[in-house]
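J.: Starting off with a structure, shown below.
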Amino acid sequence: MTSNLESARITALPDEAFYISDFITEDEEDWLLSKVKAAPLPRWTQLSHRRLQTWPSALTKSNALLASPLPAWLRAPIIEPRFQELGIFNESPHKTPNHVLVNEYRPGQGIMPHEDGAAYHPIVATVSLGAPIVLEFYDKHIGQDKETNELATNRPKYSILQERRSLLVTKNQMYTDLLHGIAETARDENLGPELICNWDLLRDKEAYSCGWCERETRTSLTYRDVRHVAKIGNTMKFLR
Ligand SMILES: O=C(O)CCC(=O)C(=O)O
């Protein structure tokens with residue numbers, strides 16, 4: 001694994017995105033997937049196109065996080081020591097992530113283009129498990145393409161291929177100015193250096209030499225720093 005985030009920069013993208021293809025080992029991946037699987041069923045929220053675990057808890061209506069540590073299996077070895085060594089959350093208010101969404105996508109499933117919003121400091125660090133997937137970024141502004149008359153948001157502006165065991169970090173303009181989503185498809189297509197912005201940073205380009213990749217179940221761990229953390233005692237006082 002690289003010890004220098006700068007060498008992982010996706011230079012084709014605006015400020016800022018980084019991709020590390022071998023962020024965790026195969027054994028760590030197996031262990032993390034076993035931890036995701038071991039979570040009791042009520043931990044999962046079944047959505048129409050994916051299922052989701054929220055750690056340590058969902059945000060309140062006012063977008064605050066009730067103070068509570070992340071479970072040990074989401075901290076080591078990902079945050080401690082790897083994020084710390086790379087300084088990934090050095091500029092965020094708590095200098096460390098305090099919230100993790102675990103998303104599971106079966107073939108054909110995805111997530112509509114969306115933004116993560118102001119509840120979080122503008123940085124997301126995503127560890128991918130189980131299978132590769134393409135994450136797409138779209139302009140926020142819905143405009144009409146003069147040549148095709150298509151809505152501009154229909155076509156992704158940038159595509160990033162996330163291999164299993166990789167880390168993707170997006171921050172600043174990549175976070176604030178673009179929407180991101182994952183297509184609901186059973187196969188990611190047109191894979192190659194023209195479309196995939198992080199092509200040069202991939203671990204195994206050969207695997208995509210046919211230009212497509214059949215989807216398999218892919219799980220993501222998305223680490224963020226919620227700006228507003230409420231101490232439980234203060235919240236109780238407020239409720240009274
Ligand atoms: O699974 C992913 O990589 C993306 C997840 C995502 O967009 C989100 O949690 O907001």
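FYI, nothing fancy with the structure tokens labels: chains A, B, ... in order, residues from 1 per chain, ligands from 1 as they appear.
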Report as a PyMOL selection string all protein, DNA and RNA residues lying within 12 Å of Asn4 of chain A, evaluated on only C-alpha atoms, omitting residues in the same chain fewer than 4 positions from it.
T.: chain A and resi 8-9+18-20+82-88
J.: With N, CA and C atoms kept, could you save the residues just selected as an mmCIF file, in the first residue's frame?
T.:
data_model
loop_
_atom_site.group_PDB
_atom_site.id
_atom_site.type_symbol
_atom_site.label_atom_id
_atom_site.label_comp_id
_atom_site.auth_asym_id
_atom_site.auth_seq_id
_atom_site.Cartn_x
_atom_site.Cartn_y
_atom_site.Cartn_z
ATOM 1 N N ALA A 8 -1.483 8.833 -5.127
ATOM 2 C CA ALA A 8 -2.755 8.170 -5.430
ATOM 3 C C ALA A 8 -3.777 9.146 -6.031
ATOM 4 N N ARG A 9 -3.340 10.357 -6.326
ATOM 5 C CA ARG A 9 -4.284 11.368 -6.829
ATOM 6 C C ARG A 9 -4.811 10.982 -8.216
ATOM 7 N N PHE A 18 -8.674 10.594 -4.762
ATOM 8 C CA PHE A 18 -7.498 9.734 -4.612
ATOM 9 C C PHE A 18 -7.966 8.282 -4.659
ATOM 10 N N TYR A 19 -7.151 7.417 -5.257
ATOM 11 C CA TYR A 19 -7.533 6.007 -5.380
ATOM 12 C C TYR A 19 -6.332 5.125 -5.043
ATOM 13 N N ILE A 20 -6.534 4.217 -4.071
ATOM 14 C CA ILE A 20 -5.479 3.259 -3.686
ATOM 15 C C ILE A 20 -6.052 1.869 -3.920
ATOM 16 N N ARG A 82 -4.352 3.187 9.189
ATOM 17 C CA ARG A 82 -4.115 3.575 7.775
ATOM 18 C C ARG A 82 -4.574 4.997 7.435
ATOM 19 N N PHE A 83 -5.839 5.345 7.801
ATOM 20 C CA PHE A 83 -6.273 6.722 7.501
ATOM 21 C C PHE A 83 -5.347 7.713 8.212
ATOM 22 N N GLN A 84 -4.983 7.353 9.456
ATOM 23 C CA GLN A 84 -4.133 8.277 10.232
ATOM 24 C C GLN A 84 -2.790 8.467 9.549
ATOM 25 N N GLU A 85 -2.194 7.367 9.070
ATOM 26 C CA GLU A 85 -0.876 7.469 8.424
ATOM 27 C C GLU A 85 -0.946 8.312 7.149
ATOM 28 N N LEU A 86 -2.076 8.212 6.448
ATOM 29 C CA LEU A 86 -2.214 8.967 5.195
ATOM 30 C C LEU A 86 -2.739 10.385 5.444
ATOM 31 N N GLY A 87 -3.163 10.667 6.664
ATOM 32 C CA GLY A 87 -3.661 12.006 7.017
ATOM 33 C C GLY A 87 -4.973 12.339 6.332
ATOM 34 N N ILE A 88 -5.795 11.311 6.067
ATOM 35 C CA ILE A 88 -6.980 11.531 5.222
ATOM 36 C C ILE A 88 -7.974 12.506 5.850
#
J.: Can you tell me which residues sit at most 10 Å away from ligand 1, counting only C-alpha atoms and all ligand atoms, written as a ChimeraX atom specification?
T.: /A:50,52,54,100-105,110-117,124-129,133-136,162,167-168,179-182,218-224
J.: Write out as an MDAnalysis selection string all residues of segment 44-134 of chain A that DSSP puts in strand (DSSP E) for this structure's backbone.
T.: chainID A and resid 44:47 50:55 65:66 99:105 111:114 123:129 133:134
J.: May I have the residues within 12 Å of segment 202-206 of chain A as a CSV table (one decimal) with all heavy atoms, in the first residue's frame, using only C-alpha atoms and disregarding those fewer than 2 positions away in the same chain?
T.:
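selection-v2.csv was written with the following content:
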chain,number,residue,atom,x,y,z
A,1,MET,N,0.8,-1.2,0.0
A,1,MET,CA,0.0,0.0,0.0
A,1,MET,C,0.9,1.3,0.0
A,1,MET,O,1.9,1.3,0.6
A,1,MET,CB,-0.9,0.0,1.2
A,1,MET,CG,-2.1,0.8,1.0
A,1,MET,SD,-2.8,1.7,2.5
A,1,MET,CE,-1.5,2.2,3.5
A,8,ALA,N,-1.5,8.8,-5.1
A,8,ALA,CA,-2.8,8.2,-5.4
A,8,ALA,C,-3.8,9.1,-6.0
A,8,ALA,O,-4.9,8.8,-6.2
A,8,ALA,CB,-3.3,7.6,-4.2
A,10,ILE,N,-6.1,11.1,-8.4
A,10,ILE,CA,-6.7,10.9,-9.8
A,10,ILE,C,-6.6,12.3,-10.5
A,10,ILE,O,-7.4,13.2,-10.3
A,10,ILE,CB,-8.2,10.4,-9.7
A,10,ILE,CG1,-8.3,9.2,-8.7
A,10,ILE,CG2,-8.7,10.1,-11.1
A,10,ILE,CD1,-9.7,8.7,-8.6
A,18,PHE,N,-8.7,10.6,-4.8
A,18,PHE,CA,-7.5,9.7,-4.6
A,18,PHE,C,-8.0,8.3,-4.7
A,18,PHE,O,-9.0,8.0,-4.1
A,18,PHE,CB,-6.8,10.0,-3.3
A,18,PHE,CG,-6.4,11.4,-3.1
A,18,PHE,CD1,-7.3,12.3,-2.5
A,18,PHE,CD2,-5.2,11.9,-3.5
A,18,PHE,CE1,-7.0,13.7,-2.3
A,18,PHE,CE2,-4.8,13.2,-3.3
A,18,PHE,CZ,-5.7,14.1,-2.7
A,19,TYR,N,-7.2,7.4,-5.3
A,19,TYR,CA,-7.5,6.0,-5.4
A,19,TYR,C,-6.3,5.1,-5.0
A,19,TYR,O,-5.3,5.3,-5.7
A,19,TYR,CB,-8.0,5.7,-6.8
A,19,TYR,CG,-8.4,4.3,-7.0
A,19,TYR,CD1,-9.7,3.8,-6.6
A,19,TYR,CD2,-7.5,3.4,-7.6
A,19,TYR,CE1,-10.0,2.5,-6.8
A,19,TYR,CE2,-7.9,2.0,-7.8
A,19,TYR,CZ,-9.2,1.6,-7.4
A,19,TYR,OH,-9.5,0.3,-7.5
A,20,ILE,N,-6.5,4.2,-4.1
A,20,ILE,CA,-5.5,3.3,-3.7
A,20,ILE,C,-6.1,1.9,-3.9
A,20,ILE,O,-7.0,1.5,-3.3
A,20,ILE,CB,-5.1,3.4,-2.2
A,20,ILE,CG1,-4.5,4.9,-2.0
A,20,ILE,CG2,-4.0,2.4,-1.8
A,20,ILE,CD1,-4.2,5.2,-0.6
A,21,SER,N,-5.5,1.1,-4.9
A,21,SER,CA,-6.1,-0.1,-5.3
A,21,SER,C,-6.0,-1.2,-4.3
A,21,SER,O,-6.9,-2.1,-4.2
A,21,SER,CB,-5.5,-0.6,-6.7
A,21,SER,OG,-4.2,-0.9,-6.5
A,22,ASP,N,-4.9,-1.3,-3.6
A,22,ASP,CA,-4.7,-2.4,-2.6
A,22,ASP,C,-4.7,-1.9,-1.2
A,22,ASP,O,-3.7,-2.1,-0.4
A,22,ASP,CB,-3.4,-3.1,-2.9
A,22,ASP,CG,-2.2,-2.1,-2.9
A,22,ASP,OD1,-2.4,-0.9,-2.8
A,22,ASP,OD2,-1.0,-2.6,-3.0
A,23,PHE,N,-5.7,-1.2,-0.8
A,23,PHE,CA,-5.8,-0.6,0.5
A,23,PHE,C,-5.8,-1.6,1.6
A,23,PHE,O,-5.3,-1.4,2.7
A,23,PHE,CB,-7.0,0.4,0.6
A,23,PHE,CG,-7.1,1.1,1.9
A,23,PHE,CD1,-6.1,2.1,2.2
A,23,PHE,CD2,-8.1,0.9,2.8
A,23,PHE,CE1,-6.1,2.8,3.4
A,23,PHE,CE2,-8.1,1.6,4.0
A,23,PHE,CZ,-7.2,2.6,4.3
A,132,PRO,N,-15.9,-5.4,-8.0
A,132,PRO,CA,-15.7,-4.1,-8.5
A,132,PRO,C,-17.1,-3.5,-8.9
A,132,PRO,O,-18.0,-4.2,-9.1
A,132,PRO,CB,-14.8,-4.3,-9.8
A,132,PRO,CG,-15.0,-5.7,-10.1
A,132,PRO,CD,-15.4,-6.5,-8.9
A,160,ILE,N,-15.5,6.4,-12.1
A,160,ILE,CA,-14.3,5.8,-11.4
A,160,ILE,C,-14.6,4.3,-11.2
A,160,ILE,O,-15.7,3.9,-10.7
A,160,ILE,CB,-14.2,6.5,-10.0
A,160,ILE,CG1,-13.8,8.0,-10.2
A,160,ILE,CG2,-13.1,5.8,-9.2
A,160,ILE,CD1,-13.7,8.8,-9.0
A,161,LEU,N,-13.7,3.5,-11.5
A,161,LEU,CA,-13.8,2.0,-11.3
A,161,LEU,C,-13.2,1.7,-9.9
A,161,LEU,O,-12.0,2.0,-9.7
A,161,LEU,CB,-13.1,1.2,-12.4
A,161,LEU,CG,-13.1,-0.3,-12.3
A,161,LEU,CD1,-14.5,-0.8,-12.2
A,161,LEU,CD2,-12.4,-0.9,-13.5
A,162,GLN,N,-14.0,1.2,-9.0
A,162,GLN,CA,-13.5,0.8,-7.7
A,162,GLN,C,-13.4,-0.7,-7.6
A,162,GLN,O,-14.3,-1.5,-7.7
A,162,GLN,CB,-14.6,1.3,-6.6
A,162,GLN,CG,-14.7,2.8,-6.5
A,162,GLN,CD,-15.8,3.2,-5.6
A,162,GLN,OE1,-17.0,3.3,-6.0
A,162,GLN,NE2,-15.5,3.4,-4.3
A,163,GLU,N,-12.1,-1.1,-7.5
A,163,GLU,CA,-11.8,-2.6,-7.4
A,163,GLU,C,-12.1,-3.0,-6.0
A,163,GLU,O,-12.0,-2.2,-5.0
A,163,GLU,CB,-10.4,-2.8,-7.8
A,163,GLU,CG,-10.0,-2.5,-9.2
A,163,GLU,CD,-8.5,-2.4,-9.5
A,163,GLU,OE1,-7.9,-1.5,-9.0
A,163,GLU,OE2,-8.0,-3.3,-10.2
A,164,ARG,N,-12.3,-4.3,-5.8
A,164,ARG,CA,-12.4,-4.8,-4.4
A,164,ARG,C,-11.1,-4.6,-3.7
A,164,ARG,O,-10.0,-4.7,-4.3
A,164,ARG,CB,-12.8,-6.3,-4.4
A,164,ARG,CG,-11.8,-7.2,-5.1
A,164,ARG,CD,-12.3,-8.6,-5.3
A,164,ARG,NE,-12.6,-9.3,-4.0
A,164,ARG,CZ,-13.2,-10.5,-3.9
A,164,ARG,NH1,-13.5,-11.1,-5.0
A,164,ARG,NH2,-13.4,-11.0,-2.8
A,165,ARG,N,-11.2,-4.2,-2.4
A,165,ARG,CA,-10.1,-4.0,-1.5
A,165,ARG,C,-9.4,-2.6,-1.8
A,165,ARG,O,-8.4,-2.3,-1.2
A,165,ARG,CB,-9.0,-5.1,-1.7
A,165,ARG,CG,-9.5,-6.4,-1.4
A,165,ARG,CD,-8.4,-7.5,-1.1
A,165,ARG,NE,-7.7,-7.9,-2.3
A,165,ARG,CZ,-6.5,-7.5,-2.7
A,165,ARG,NH1,-5.8,-6.7,-1.9
A,165,ARG,NH2,-6.0,-8.0,-3.8
A,166,SER,N,-10.1,-1.8,-2.6
A,166,SER,CA,-9.6,-0.4,-2.8
A,166,SER,C,-10.1,0.6,-1.9
A,166,SER,O,-11.1,0.4,-1.2
A,166,SER,CB,-9.9,0.0,-4.3
A,166,SER,OG,-11.3,0.2,-4.4
A,167,LEU,N,-9.4,1.8,-1.9
A,167,LEU,CA,-9.9,3.0,-1.1
A,167,LEU,C,-10.1,4.1,-2.2
A,167,LEU,O,-9.2,4.3,-3.0
A,167,LEU,CB,-8.9,3.4,-0.1
A,167,LEU,CG,-9.2,4.7,0.6
A,167,LEU,CD1,-10.4,4.5,1.6
A,167,LEU,CD2,-8.0,5.3,1.3
A,168,LEU,N,-11.3,4.7,-2.1
A,168,LEU,CA,-11.5,6.0,-2.9
A,168,LEU,C,-11.8,7.1,-1.9
A,168,LEU,O,-12.6,7.0,-1.1
A,168,LEU,CB,-12.7,5.8,-3.8
A,168,LEU,CG,-13.1,7.0,-4.6
A,168,LEU,CD1,-12.0,7.4,-5.6
A,168,LEU,CD2,-14.4,6.8,-5.3
A,191,LEU,N,-15.5,-0.1,-20.2
A,191,LEU,CA,-14.4,0.1,-19.3
A,191,LEU,C,-13.1,0.2,-20.1
A,191,LEU,O,-12.8,-0.6,-20.9
A,191,LEU,CB,-14.3,-1.1,-18.3
A,191,LEU,CG,-15.6,-1.4,-17.6
A,191,LEU,CD1,-15.4,-2.5,-16.6
A,191,LEU,CD2,-16.1,-0.2,-16.8
A,192,GLY,N,-12.4,1.3,-19.9
A,192,GLY,CA,-11.1,1.5,-20.6
A,192,GLY,C,-10.6,2.9,-20.2
A,192,GLY,O,-11.3,3.6,-19.5
A,193,PRO,N,-9.4,3.2,-20.7
A,193,PRO,CA,-8.8,4.5,-20.3
A,193,PRO,C,-9.6,5.7,-20.7
A,193,PRO,O,-9.4,6.8,-20.1
A,193,PRO,CB,-7.4,4.4,-21.0
A,193,PRO,CG,-7.5,3.3,-22.0
A,193,PRO,CD,-8.6,2.4,-21.6
A,196,ILE,N,-12.7,5.6,-17.9
A,196,ILE,CA,-12.4,5.4,-16.4
A,196,ILE,C,-11.3,6.3,-16.0
A,196,ILE,O,-10.1,6.2,-16.4
A,196,ILE,CB,-12.0,3.9,-16.2
A,196,ILE,CG1,-13.2,3.0,-16.5
A,196,ILE,CG2,-11.6,3.7,-14.7
A,196,ILE,CD1,-14.5,3.3,-15.7
A,197,CYS,N,-11.6,7.3,-15.2
A,197,CYS,CA,-10.6,8.4,-14.8
A,197,CYS,C,-9.4,7.8,-14.0
A,197,CYS,O,-8.4,8.4,-14.0
A,197,CYS,CB,-11.3,9.4,-13.9
A,197,CYS,SG,-12.5,10.3,-14.8
A,198,ASN,N,-9.6,6.7,-13.3
A,198,ASN,CA,-8.5,6.2,-12.5
A,198,ASN,C,-7.9,5.0,-13.1
A,198,ASN,O,-7.3,4.2,-12.4
A,198,ASN,CB,-9.0,5.8,-11.1
A,198,ASN,CG,-10.2,4.8,-11.1
A,198,ASN,OD1,-11.0,4.8,-12.0
A,198,ASN,ND2,-10.2,3.9,-10.1
A,199,TRP,N,-8.0,4.9,-14.5
A,199,TRP,CA,-7.5,3.7,-15.2
A,199,TRP,C,-6.0,3.4,-14.8
A,199,TRP,O,-5.7,2.2,-14.6
A,199,TRP,CB,-7.7,3.9,-16.7
A,199,TRP,CG,-7.4,2.7,-17.5
A,199,TRP,CD1,-6.2,2.5,-18.2
A,199,TRP,CD2,-8.2,1.5,-17.6
A,199,TRP,NE1,-6.3,1.2,-18.8
A,199,TRP,CE2,-7.5,0.6,-18.5
A,199,TRP,CE3,-9.4,1.1,-17.1
A,199,TRP,CZ2,-8.0,-0.6,-18.8
A,199,TRP,CZ3,-9.9,-0.1,-17.5
A,199,TRP,CH2,-9.2,-1.0,-18.3
A,200,ASP,N,-5.2,4.4,-14.8
A,200,ASP,CA,-3.8,4.2,-14.6
A,200,ASP,C,-3.5,3.7,-13.2
A,200,ASP,O,-2.4,3.2,-12.9
A,200,ASP,CB,-3.0,5.5,-14.8
A,200,ASP,CG,-3.0,5.9,-16.3
A,200,ASP,OD1,-3.2,4.9,-17.1
A,200,ASP,OD2,-2.7,7.0,-16.6
A,208,TYR,N,-10.2,-6.1,-17.1
A,208,TYR,CA,-11.2,-5.4,-17.8
A,208,TYR,C,-10.9,-5.2,-19.3
A,208,TYR,O,-11.4,-4.3,-20.0
A,208,TYR,CB,-11.4,-4.0,-17.2
A,208,TYR,CG,-11.5,-4.2,-15.7
A,208,TYR,CD1,-10.5,-3.9,-14.8
A,208,TYR,CD2,-12.7,-4.7,-15.1
A,208,TYR,CE1,-10.6,-4.1,-13.4
A,208,TYR,CE2,-12.8,-4.9,-13.7
A,208,TYR,CZ,-11.7,-4.6,-12.9
A,208,TYR,OH,-11.8,-4.8,-11.6
A,209,SER,N,-9.9,-6.1,-19.8
A,209,SER,CA,-9.5,-5.9,-21.2
A,209,SER,C,-10.6,-6.1,-22.2
A,209,SER,O,-10.6,-5.6,-23.3
A,209,SER,CB,-8.3,-6.8,-21.5
A,209,SER,OG,-8.7,-8.1,-21.2
A,210,CYS,N,-11.7,-6.9,-21.8
A,210,CYS,CA,-12.8,-7.1,-22.7
A,210,CYS,C,-13.7,-5.9,-22.7
A,210,CYS,O,-14.6,-5.8,-23.5
A,210,CYS,CB,-13.6,-8.3,-22.2
A,210,CYS,SG,-14.2,-8.1,-20.5
A,211,GLY,N,-13.5,-4.9,-21.8
A,211,GLY,CA,-14.3,-3.7,-21.8
A,211,GLY,C,-15.5,-3.7,-20.9
A,211,GLY,O,-16.3,-2.7,-20.8
A,212,TRP,N,-15.8,-4.8,-20.3
A,212,TRP,CA,-17.0,-4.9,-19.4
A,212,TRP,C,-16.7,-5.8,-18.2
A,212,TRP,O,-15.7,-6.5,-18.2
A,212,TRP,CB,-18.2,-5.4,-20.1
A,212,TRP,CG,-18.0,-6.7,-20.9
A,212,TRP,CD1,-17.7,-6.8,-22.2
A,212,TRP,CD2,-18.2,-8.0,-20.4
A,212,TRP,NE1,-17.6,-8.1,-22.6
A,212,TRP,CE2,-17.9,-8.9,-21.5
A,212,TRP,CE3,-18.5,-8.5,-19.2
A,212,TRP,CZ2,-17.9,-10.3,-21.3
A,212,TRP,CZ3,-18.5,-9.9,-19.0
A,212,TRP,CH2,-18.2,-10.8,-20.1
A,213,CYS,N,-17.6,-5.7,-17.2
A,213,CYS,CA,-17.4,-6.5,-16.0
A,213,CYS,C,-18.8,-6.8,-15.5
A,213,CYS,O,-19.6,-5.9,-15.3
A,213,CYS,CB,-16.6,-5.6,-15.0
A,213,CYS,SG,-16.3,-6.5,-13.5
J.: Determine the nearest neighbour of Ile79 of chain A from the options A:Lys61, A:His99, A:Lys171, A:Arg155, counting only C-alpha atoms.
T.: A:His99
J.: Quick one: everything within 10 Å of Asn172 of chain A, counting only C-alpha atoms, minus sequence neighbours fewer than 6 positions away in the same chain. Send it as a list in words.
T.: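 Contacts, with the query itself left out: Pro14, Asp15, Glu16, Ala17, His121, Pro122, Ile123 and Val124 of chain A.
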J.: May I have the residues from that selection written out with C-alpha atoms, as a CSV table (one decimal), in the first residue's frame?
T.:
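Printed below is selection_25.csv as written:
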chain,number,residue,atom,x,y,z
A,14,PRO,CA,-11.1,18.3,-10.2
A,15,ASP,CA,-10.1,19.0,-6.6
A,16,GLU,CA,-9.9,16.3,-5.2
A,17,ALA,CA,-9.9,12.5,-5.6
A,121,HIS,CA,-17.4,17.7,6.3
A,122,PRO,CA,-16.8,17.5,2.5
A,123,ILE,CA,-14.8,14.3,2.4
A,124,VAL,CA,-15.8,10.7,1.9
J.: Can you work out the spacing between atom CA of Tyr120 of chain A and atom CA of Gly108 of chain A in Å, to one decimal?
T.: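 Interatomic distance, atom CA of Tyr120 of chain A to atom CA of Gly108 of chain A: 28.6 Å.
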J.: Hey, can you check how far atom CA of Arg187 of chain A sits from atom CA of Leu74 of chain A?
T.: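 Computing it gives 29.3 Å between the two atoms.
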J.: How far is it from atom CA of Thr96 of chain A to atom CA of Ala38 of chain A, in Å with one decimal?
T.: 25.0 Å
J.: Mind checking which residues fall within 12 Å of segment 63-69 of chain A, counting only C-alpha atoms, ignoring those fewer than 2 positions away in the same chain, and posting them as a PyMOL selection string?
T.: chain A and resi 54-61+71-75+94+96-100+116-120+224-236
